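For reference, the structure discussed in these notes is given below.
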Amino acid sequence: MTLRLKSLLLAALLVLAPVASADEARIDRLTDLLVQAIPMGSIFETLADEDPNWPMQEKPGAVTKSQLGCLRGQLSASGYRRTKRAEVAEYASKNAGLLDQDIRVLSEGGAFLMGKLMLAGVEQERTGVAVSEAEVMGQATPEQLMSFMSFMTAPDYAPLRRLAGIGNAFDASATAEENEASGEAAGSDMATRVMLAAMSACDVPTSVLFD
């Protein structure tokens, strides 16, 4: 390899390195915002704290101690973030031009308000005490509400909604009851997908769910 060729390769690496670093930073930022918006890891940790056999509390003998520890690790806040970051990295490889707008809509209030609503809904399920969605929404600023509505309804953010796992769970033309049912179904689907991914990572056969 000639000295000139070496110099050219070094120059190319120096140019590309900041670009790669910037992309990694955006992937990390979008991951953090999605974890804030859909705090499945935090929700799972709350459940794990309540039962040492979770998520196999109904069939504690169906997995080994090692498998149970692996599942709980995968379903922890840090484990969920690792899984979500891999999804975001794949998304970024196909939708690099969308990252900036995705980060913007979530950072301006979409992630904050979505996360608050999800946690309020989970708390309602856990305690049986009704939570007022209007009260949660009323704590947001107009700017946060605008960002949240854009995230949930604007066509430009359809790919982001799919990445988040909510798809088209919210329909502005539907009734509150219909949207609530759709949201619950989307949440259940998300939890199931995350659980199955954890089982795959921990070599736990799906047969344990049906035995």
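Labels for the structure tokens follow display order: chains A, B, ..., residues from 1 in each chain, ligands from 1.
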
Near-Asp28 of chain A list (8 Å; only C-alpha atoms; drop same-chain fewer than 4 positions) as a PyMOL selection string: chain A and resi 24+32+85

Compile the contact shell of Val204 of chain A as a ChimeraX atom specification: residues with an atom at most 9 Å away, counting only C-alpha atoms, same-chain residues fewer than 6 positions apart removed. /A:63,67,71,198

For each of A:Ser107, A:Ser78, A:Thr192, A:Thr175, take the minimum atom-to-atom distance to Phe148 of chain A, counting only C-alpha atoms, then give the residue where this is smallest.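 Among A:Ser107, A:Ser78, A:Thr192, A:Thr175, it is A:Ser107 that comes nearest to Phe148 of chain A.
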
Quick one: residues within 7 Å of Gly110 of chain A, only C-alpha atoms counted, chain neighbours fewer than 4 positions away excluded, as a VMD selection string? chain A and resid 105 to 106 114 144 147 to 148 151

Export of the given selection (N, CA, C and O atoms) as a PDB file, in the first residue's frame:
ATOM      1  N   VAL A 105     -40.268  15.231  17.871  1.00  0.00           N
ATOM      2  CA  VAL A 105     -41.658  15.122  18.333  1.00  0.00           C
ATOM      3  C   VAL A 105     -41.738  14.441  19.697  1.00  0.00           C
ATOM      4  O   VAL A 105     -42.582  14.796  20.529  1.00  0.00           O
ATOM      5  N   LEU A 106     -40.861  13.504  19.935  1.00  0.00           N
ATOM      6  CA  LEU A 106     -40.874  12.822  21.232  1.00  0.00           C
ATOM      7  C   LEU A 106     -40.286  13.703  22.331  1.00  0.00           C
ATOM      8  O   LEU A 106     -40.794  13.735  23.451  1.00  0.00           O
ATOM      9  N   MET A 114     -46.972  10.354  26.765  1.00  0.00           N
ATOM     10  CA  MET A 114     -47.300   8.959  26.507  1.00  0.00           C
ATOM     11  C   MET A 114     -46.894   8.099  27.699  1.00  0.00           C
ATOM     12  O   MET A 114     -47.650   7.221  28.152  1.00  0.00           O
ATOM     13  N   GLN A 144     -46.662  20.378  24.780  1.00  0.00           N
ATOM     14  CA  GLN A 144     -46.561  18.929  24.984  1.00  0.00           C
ATOM     15  C   GLN A 144     -47.763  18.211  24.389  1.00  0.00           C
ATOM     16  O   GLN A 144     -47.624  17.142  23.791  1.00  0.00           O
ATOM     17  N   SER A 147     -47.352  18.055  20.620  1.00  0.00           N
ATOM     18  CA  SER A 147     -46.372  17.033  20.234  1.00  0.00           C
ATOM     19  C   SER A 147     -46.961  15.639  20.384  1.00  0.00           C
ATOM     20  O   SER A 147     -46.766  14.762  19.526  1.00  0.00           O
ATOM     21  N   PHE A 148     -47.680  15.429  21.471  1.00  0.00           N
ATOM     22  CA  PHE A 148     -48.291  14.128  21.723  1.00  0.00           C
ATOM     23  C   PHE A 148     -49.300  13.782  20.631  1.00  0.00           C
ATOM     24  O   PHE A 148     -49.297  12.657  20.101  1.00  0.00           O
ATOM     25  N   PHE A 151     -47.503  12.945  17.412  1.00  0.00           N
ATOM     26  CA  PHE A 151     -46.925  11.608  17.519  1.00  0.00           C
ATOM     27  C   PHE A 151     -47.978  10.528  17.326  1.00  0.00           C
ATOM     28  O   PHE A 151     -47.768   9.540  16.616  1.00  0.00           O
TER      29      PHE A 151
END

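Using only C-alpha atoms, the shortest contact distance between Glu123 of chain A and any of A:Gln139, A:Thr83, A:Thr206, A:Thr46 is found at A:Thr46.
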
Which residue, A:Ile43, A:Arg193, A:Ser66, A:Ile166, has the smallest gap to Ala120 of chain A when you use only C-alpha atoms?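 When distances to Ala120 of chain A are compared using only C-alpha atoms, the smallest one comes from A:Ile43.
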
Exercise: Glu45 of chain A partners within 9 Å, only C-alpha atoms, chain neighbours under 3 positions left out, as a list in words: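 Once the adjacent positions are removed, what remains is Met40, Gly41, Ser42, Ala48, Asp49, Glu50, Arg72, Leu75, Ser76 and Ala77 of chain A.
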
For those residues, write all heavy atoms to a file as a PDB file, in the first residue's frame.
ATOM      1  N   MET A  40     -41.970  -0.100  29.376  1.00  0.00           N
ATOM      2  CA  MET A  40     -42.253  -1.499  29.691  1.00  0.00           C
ATOM      3  C   MET A  40     -41.267  -2.057  30.713  1.00  0.00           C
ATOM      4  O   MET A  40     -41.643  -2.831  31.592  1.00  0.00           O
ATOM      5  CB  MET A  40     -42.203  -2.341  28.413  1.00  0.00           C
ATOM      6  CG  MET A  40     -43.234  -1.973  27.368  1.00  0.00           C
ATOM      7  SD  MET A  40     -44.931  -2.289  27.899  1.00  0.00           S
ATOM      8  CE  MET A  40     -44.959  -4.059  27.915  1.00  0.00           C
ATOM      9  N   GLY A  41     -39.992  -1.678  30.604  1.00  0.00           N
ATOM     10  CA  GLY A  41     -39.001  -2.193  31.533  1.00  0.00           C
ATOM     11  C   GLY A  41     -39.304  -1.805  32.969  1.00  0.00           C
ATOM     12  O   GLY A  41     -39.217  -2.628  33.884  1.00  0.00           O
ATOM     13  N   SER A  42     -39.670  -0.542  33.180  1.00  0.00           N
ATOM     14  CA  SER A  42     -40.009  -0.078  34.531  1.00  0.00           C
ATOM     15  C   SER A  42     -41.252  -0.785  35.059  1.00  0.00           C
ATOM     16  O   SER A  42     -41.337  -1.135  36.240  1.00  0.00           O
ATOM     17  CB  SER A  42     -40.238   1.436  34.522  1.00  0.00           C
ATOM     18  OG  SER A  42     -39.051   2.117  34.167  1.00  0.00           O
ATOM     19  N   ALA A  48     -41.820  -7.543  38.984  1.00  0.00           N
ATOM     20  CA  ALA A  48     -40.781  -8.460  39.484  1.00  0.00           C
ATOM     21  C   ALA A  48     -40.531  -8.237  40.972  1.00  0.00           C
ATOM     22  O   ALA A  48     -40.264  -9.193  41.713  1.00  0.00           O
ATOM     23  CB  ALA A  48     -39.486  -8.257  38.698  1.00  0.00           C
ATOM     24  N   ASP A  49     -40.616  -6.989  41.397  1.00  0.00           N
ATOM     25  CA  ASP A  49     -40.398  -6.681  42.817  1.00  0.00           C
ATOM     26  C   ASP A  49     -41.486  -7.286  43.710  1.00  0.00           C
ATOM     27  O   ASP A  49     -41.258  -7.560  44.889  1.00  0.00           O
ATOM     28  CB  ASP A  49     -40.358  -5.165  43.035  1.00  0.00           C
ATOM     29  CG  ASP A  49     -39.088  -4.534  42.492  1.00  0.00           C
ATOM     30  OD1 ASP A  49     -38.117  -5.280  42.255  1.00  0.00           O
ATOM     31  OD2 ASP A  49     -39.068  -3.307  42.297  1.00  0.00           O
ATOM     32  N   GLU A  50     -42.661  -7.500  43.135  1.00  0.00           N
ATOM     33  CA  GLU A  50     -43.784  -8.017  43.912  1.00  0.00           C
ATOM     34  C   GLU A  50     -43.762  -9.537  44.047  1.00  0.00           C
ATOM     35  O   GLU A  50     -44.419 -10.090  44.923  1.00  0.00           O
ATOM     36  CB  GLU A  50     -45.103  -7.580  43.262  1.00  0.00           C
ATOM     37  CG  GLU A  50     -45.334  -6.072  43.304  1.00  0.00           C
ATOM     38  CD  GLU A  50     -46.608  -5.668  42.568  1.00  0.00           C
ATOM     39  OE1 GLU A  50     -47.164  -6.524  41.843  1.00  0.00           O
ATOM     40  OE2 GLU A  50     -47.027  -4.514  42.713  1.00  0.00           O
ATOM     41  N   ARG A  72     -35.776 -12.517  33.946  1.00  0.00           N
ATOM     42  CA  ARG A  72     -35.937 -11.307  34.746  1.00  0.00           C
ATOM     43  C   ARG A  72     -34.927 -10.235  34.321  1.00  0.00           C
ATOM     44  O   ARG A  72     -35.219  -9.041  34.348  1.00  0.00           O
ATOM     45  CB  ARG A  72     -35.798 -11.644  36.235  1.00  0.00           C
ATOM     46  CG  ARG A  72     -37.005 -12.416  36.766  1.00  0.00           C
ATOM     47  CD  ARG A  72     -36.754 -12.967  38.164  1.00  0.00           C
ATOM     48  NE  ARG A  72     -36.674 -11.923  39.184  1.00  0.00           N
ATOM     49  CZ  ARG A  72     -37.718 -11.458  39.877  1.00  0.00           C
ATOM     50  NH1 ARG A  72     -38.936 -11.939  39.647  1.00  0.00           N
ATOM     51  NH2 ARG A  72     -37.550 -10.530  40.790  1.00  0.00           N
ATOM     52  N   LEU A  75     -36.118  -8.758  31.016  1.00  0.00           N
ATOM     53  CA  LEU A  75     -37.337  -7.956  31.188  1.00  0.00           C
ATOM     54  C   LEU A  75     -37.145  -6.807  32.179  1.00  0.00           C
ATOM     55  O   LEU A  75     -38.115  -6.132  32.531  1.00  0.00           O
ATOM     56  CB  LEU A  75     -38.483  -8.860  31.650  1.00  0.00           C
ATOM     57  CG  LEU A  75     -38.872  -9.961  30.655  1.00  0.00           C
ATOM     58  CD1 LEU A  75     -39.882 -10.915  31.278  1.00  0.00           C
ATOM     59  CD2 LEU A  75     -39.421  -9.366  29.372  1.00  0.00           C
ATOM     60  N   SER A  76     -35.924  -6.571  32.597  1.00  0.00           N
ATOM     61  CA  SER A  76     -35.632  -5.434  33.473  1.00  0.00           C
ATOM     62  C   SER A  76     -35.586  -4.155  32.646  1.00  0.00           C
ATOM     63  O   SER A  76     -35.650  -4.193  31.407  1.00  0.00           O
ATOM     64  CB  SER A  76     -34.288  -5.637  34.164  1.00  0.00           C
ATOM     65  OG  SER A  76     -33.232  -5.604  33.209  1.00  0.00           O
ATOM     66  N   ALA A  77     -35.472  -3.023  33.304  1.00  0.00           N
ATOM     67  CA  ALA A  77     -35.402  -1.743  32.592  1.00  0.00           C
ATOM     68  C   ALA A  77     -34.186  -1.712  31.666  1.00  0.00           C
ATOM     69  O   ALA A  77     -34.280  -1.289  30.507  1.00  0.00           O
ATOM     70  CB  ALA A  77     -35.355  -0.591  33.591  1.00  0.00           C
TER      71      ALA A  77
END

Shell of 10 Å around Leu209 of chain A, only C-alpha atoms, local chain residues under 6 positions omitted, as a PyMOL selection string: chain A and resi 56+58-59+62

All heavy atoms of the current selection, written as a PDB file, in the first residue's frame:
ATOM      1  N   MET A  56     -42.796 -16.082  35.802  1.00  0.00           N
ATOM      2  CA  MET A  56     -43.279 -17.460  35.775  1.00  0.00           C
ATOM      3  C   MET A  56     -44.011 -17.796  37.069  1.00  0.00           C
ATOM      4  O   MET A  56     -43.991 -18.926  37.531  1.00  0.00           O
ATOM      5  CB  MET A  56     -42.091 -18.413  35.569  1.00  0.00           C
ATOM      6  CG  MET A  56     -41.312 -18.183  34.289  1.00  0.00           C
ATOM      7  SD  MET A  56     -42.332 -18.284  32.787  1.00  0.00           S
ATOM      8  CE  MET A  56     -42.906 -19.976  32.898  1.00  0.00           C
ATOM      9  N   GLU A  58     -47.035 -18.235  37.771  1.00  0.00           N
ATOM     10  CA  GLU A  58     -48.100 -19.229  37.668  1.00  0.00           C
ATOM     11  C   GLU A  58     -47.554 -20.626  37.425  1.00  0.00           C
ATOM     12  O   GLU A  58     -48.242 -21.616  37.676  1.00  0.00           O
ATOM     13  CB  GLU A  58     -49.069 -18.834  36.545  1.00  0.00           C
ATOM     14  CG  GLU A  58     -49.829 -17.536  36.838  1.00  0.00           C
ATOM     15  CD  GLU A  58     -50.817 -17.197  35.742  1.00  0.00           C
ATOM     16  OE1 GLU A  58     -50.971 -18.013  34.813  1.00  0.00           O
ATOM     17  OE2 GLU A  58     -51.439 -16.124  35.828  1.00  0.00           O
ATOM     18  N   LYS A  59     -46.301 -20.707  36.933  1.00  0.00           N
ATOM     19  CA  LYS A  59     -45.666 -22.009  36.682  1.00  0.00           C
ATOM     20  C   LYS A  59     -44.204 -21.936  37.110  1.00  0.00           C
ATOM     21  O   LYS A  59     -43.287 -22.038  36.289  1.00  0.00           O
ATOM     22  CB  LYS A  59     -45.766 -22.365  35.199  1.00  0.00           C
ATOM     23  CG  LYS A  59     -47.197 -22.528  34.689  1.00  0.00           C
ATOM     24  CD  LYS A  59     -47.200 -22.895  33.213  1.00  0.00           C
ATOM     25  CE  LYS A  59     -48.614 -23.104  32.692  1.00  0.00           C
ATOM     26  NZ  LYS A  59     -48.621 -23.460  31.246  1.00  0.00           N
ATOM     27  N   ALA A  62     -41.619 -24.490  35.845  1.00  0.00           N
ATOM     28  CA  ALA A  62     -41.497 -24.739  34.408  1.00  0.00           C
ATOM     29  C   ALA A  62     -40.139 -24.323  33.850  1.00  0.00           C
ATOM     30  O   ALA A  62     -39.785 -24.711  32.734  1.00  0.00           O
ATOM     31  CB  ALA A  62     -42.607 -24.004  33.654  1.00  0.00           C
TER      32      ALA A  62
END

Separation of atom CA of Gln101 of chain A from atom CA of Leu160 of chain A, in Å and rounded to one decimal: 9.7 Å

Chain A: which residues are helix (DSSP H, G or I) by DSSP, as a ChimeraX atom specification? /A:3-37,40-50,60-62,65-74,77-94,96-127,133-138,142-153,155-164,176-201,206-209

Which residues, written as a VMD selection string, have at least one atom at most 10 Å from Met195 of chain A, with only C-alpha atoms counted and residues fewer than 4 positions away on the same chain left out? chain A and resid 55 71 74 to 75 189 to 191 199 to 201

Dump all heavy atoms for the selected residues as a PDB file, in the first residue's frame?
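result-v2.pdb written:
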ATOM      1  N   PRO A  55     -41.466 -13.670  35.778  1.00  0.00           N
ATOM      2  CA  PRO A  55     -42.791 -13.743  35.134  1.00  0.00           C
ATOM      3  C   PRO A  55     -43.371 -15.148  35.054  1.00  0.00           C
ATOM      4  O   PRO A  55     -44.326 -15.389  34.314  1.00  0.00           O
ATOM      5  CB  PRO A  55     -42.483 -13.228  33.724  1.00  0.00           C
ATOM      6  CG  PRO A  55     -41.100 -13.765  33.454  1.00  0.00           C
ATOM      7  CD  PRO A  55     -40.380 -13.681  34.769  1.00  0.00           C
ATOM      8  N   LEU A  71     -34.620 -14.488  32.290  1.00  0.00           N
ATOM      9  CA  LEU A  71     -35.867 -13.816  31.910  1.00  0.00           C
ATOM     10  C   LEU A  71     -36.033 -12.501  32.656  1.00  0.00           C
ATOM     11  O   LEU A  71     -36.371 -11.470  32.061  1.00  0.00           O
ATOM     12  CB  LEU A  71     -37.066 -14.726  32.197  1.00  0.00           C
ATOM     13  CG  LEU A  71     -37.303 -15.896  31.260  1.00  0.00           C
ATOM     14  CD1 LEU A  71     -38.435 -16.781  31.796  1.00  0.00           C
ATOM     15  CD2 LEU A  71     -37.632 -15.422  29.850  1.00  0.00           C
ATOM     16  N   GLN A  74     -33.665  -9.955  31.191  1.00  0.00           N
ATOM     17  CA  GLN A  74     -34.112  -9.461  29.885  1.00  0.00           C
ATOM     18  C   GLN A  74     -35.294  -8.507  30.020  1.00  0.00           C
ATOM     19  O   GLN A  74     -35.435  -7.570  29.235  1.00  0.00           O
ATOM     20  CB  GLN A  74     -34.518 -10.642  28.995  1.00  0.00           C
ATOM     21  CG  GLN A  74     -33.368 -11.470  28.464  1.00  0.00           C
ATOM     22  CD  GLN A  74     -32.517 -10.723  27.468  1.00  0.00           C
ATOM     23  OE1 GLN A  74     -31.316 -10.549  27.640  1.00  0.00           O
ATOM     24  NE2 GLN A  74     -33.140 -10.246  26.406  1.00  0.00           N
ATOM     25  N   LEU A  75     -36.118  -8.758  31.016  1.00  0.00           N
ATOM     26  CA  LEU A  75     -37.337  -7.956  31.188  1.00  0.00           C
ATOM     27  C   LEU A  75     -37.145  -6.807  32.179  1.00  0.00           C
ATOM     28  O   LEU A  75     -38.115  -6.132  32.531  1.00  0.00           O
ATOM     29  CB  LEU A  75     -38.483  -8.860  31.650  1.00  0.00           C
ATOM     30  CG  LEU A  75     -38.872  -9.961  30.655  1.00  0.00           C
ATOM     31  CD1 LEU A  75     -39.882 -10.915  31.278  1.00  0.00           C
ATOM     32  CD2 LEU A  75     -39.421  -9.366  29.372  1.00  0.00           C
ATOM     33  N   ASP A 189     -50.342  -6.665  23.386  1.00  0.00           N
ATOM     34  CA  ASP A 189     -49.535  -7.184  22.284  1.00  0.00           C
ATOM     35  C   ASP A 189     -48.060  -6.863  22.491  1.00  0.00           C
ATOM     36  O   ASP A 189     -47.188  -7.712  22.276  1.00  0.00           O
ATOM     37  CB  ASP A 189     -50.021  -6.578  20.962  1.00  0.00           C
ATOM     38  CG  ASP A 189     -49.242  -7.097  19.764  1.00  0.00           C
ATOM     39  OD1 ASP A 189     -49.356  -8.298  19.457  1.00  0.00           O
ATOM     40  OD2 ASP A 189     -48.507  -6.307  19.135  1.00  0.00           O
ATOM     41  N   MET A 190     -47.770  -5.631  22.939  1.00  0.00           N
ATOM     42  CA  MET A 190     -46.386  -5.235  23.202  1.00  0.00           C
ATOM     43  C   MET A 190     -45.769  -6.119  24.274  1.00  0.00           C
ATOM     44  O   MET A 190     -44.650  -6.605  24.132  1.00  0.00           O
ATOM     45  CB  MET A 190     -46.318  -3.772  23.641  1.00  0.00           C
ATOM     46  CG  MET A 190     -46.290  -2.778  22.508  1.00  0.00           C
ATOM     47  SD  MET A 190     -45.921  -1.100  23.113  1.00  0.00           S
ATOM     48  CE  MET A 190     -47.486  -0.661  23.857  1.00  0.00           C
ATOM     49  N   ALA A 191     -46.505  -6.312  25.379  1.00  0.00           N
ATOM     50  CA  ALA A 191     -45.996  -7.116  26.481  1.00  0.00           C
ATOM     51  C   ALA A 191     -45.717  -8.546  26.023  1.00  0.00           C
ATOM     52  O   ALA A 191     -44.699  -9.153  26.399  1.00  0.00           O
ATOM     53  CB  ALA A 191     -46.991  -7.110  27.637  1.00  0.00           C
ATOM     54  N   MET A 199     -37.917 -14.865  26.092  1.00  0.00           N
ATOM     55  CA  MET A 199     -37.872 -16.326  26.120  1.00  0.00           C
ATOM     56  C   MET A 199     -36.912 -16.860  25.072  1.00  0.00           C
ATOM     57  O   MET A 199     -36.158 -17.811  25.328  1.00  0.00           O
ATOM     58  CB  MET A 199     -39.280 -16.897  25.905  1.00  0.00           C
ATOM     59  CG  MET A 199     -40.225 -16.624  27.060  1.00  0.00           C
ATOM     60  SD  MET A 199     -41.927 -17.174  26.734  1.00  0.00           S
ATOM     61  CE  MET A 199     -41.682 -18.953  26.685  1.00  0.00           C
ATOM     62  N   SER A 200     -36.903 -16.242  23.910  1.00  0.00           N
ATOM     63  CA  SER A 200     -35.988 -16.660  22.853  1.00  0.00           C
ATOM     64  C   SER A 200     -34.542 -16.430  23.280  1.00  0.00           C
ATOM     65  O   SER A 200     -33.673 -17.302  23.104  1.00  0.00           O
ATOM     66  CB  SER A 200     -36.279 -15.871  21.568  1.00  0.00           C
ATOM     67  OG  SER A 200     -35.354 -16.198  20.547  1.00  0.00           O
ATOM     68  N   ALA A 201     -34.264 -15.273  23.882  1.00  0.00           N
ATOM     69  CA  ALA A 201     -32.909 -14.949  24.322  1.00  0.00           C
ATOM     70  C   ALA A 201     -32.439 -15.872  25.440  1.00  0.00           C
ATOM     71  O   ALA A 201     -31.242 -16.130  25.578  1.00  0.00           O
ATOM     72  CB  ALA A 201     -32.843 -13.498  24.778  1.00  0.00           C
TER      73      ALA A 201
END

Return as a tab-separated table the residues of segment 92-193 of chain A lying at most 9 Å from segment 33-37 of chain A, together with the closest atom-to-atom pair for each and the distance in Å to one decimal, counting only C-alpha atoms, with rows in chain order and ascending residue number.
residue	atom	partner	partner_atom	distance
A:Ile103	CA	A:Leu33	CA	7.4
A:Leu106	CA	A:Leu33	CA	6.3
A:Ser107	CA	A:Leu33	CA	6.8
A:Gly110	CA	A:Ala37	CA	7.3
A:Ala111	CA	A:Ala37	CA	4.1
A:Phe112	CA	A:Ala37	CA	6.1
A:Leu113	CA	A:Ala37	CA	7.3
A:Met114	CA	A:Ala37	CA	5.0
A:Gly115	CA	A:Ala37	CA	4.2
A:Lys116	CA	A:Ala37	CA	7.9
A:Leu117	CA	A:Ala37	CA	9.0
A:Met118	CA	A:Ala37	CA	8.0
A:Leu163	CA	A:Leu34	CA	8.7
A:Ala164	CA	A:Leu34	CA	6.3

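Among the candidates A:Ile38, A:Asp171, A:Glu87, A:Met137, the one nearest to Thr153 of chain A when counting only C-alpha atoms is A:Asp171.
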
Computed interatomic separation between atom CA of Ala154 of chain A and atom CA of Arg26 of chain A (Å): 21.6 Å

I'd like the interatomic distance between atom CA of Asp23 of chain A and atom CA of Pro159 of chain A, to a tenth of an Å.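 Pair atom CA of Asp23 of chain A / atom CA of Pro159 of chain A returns 18.3 Å.
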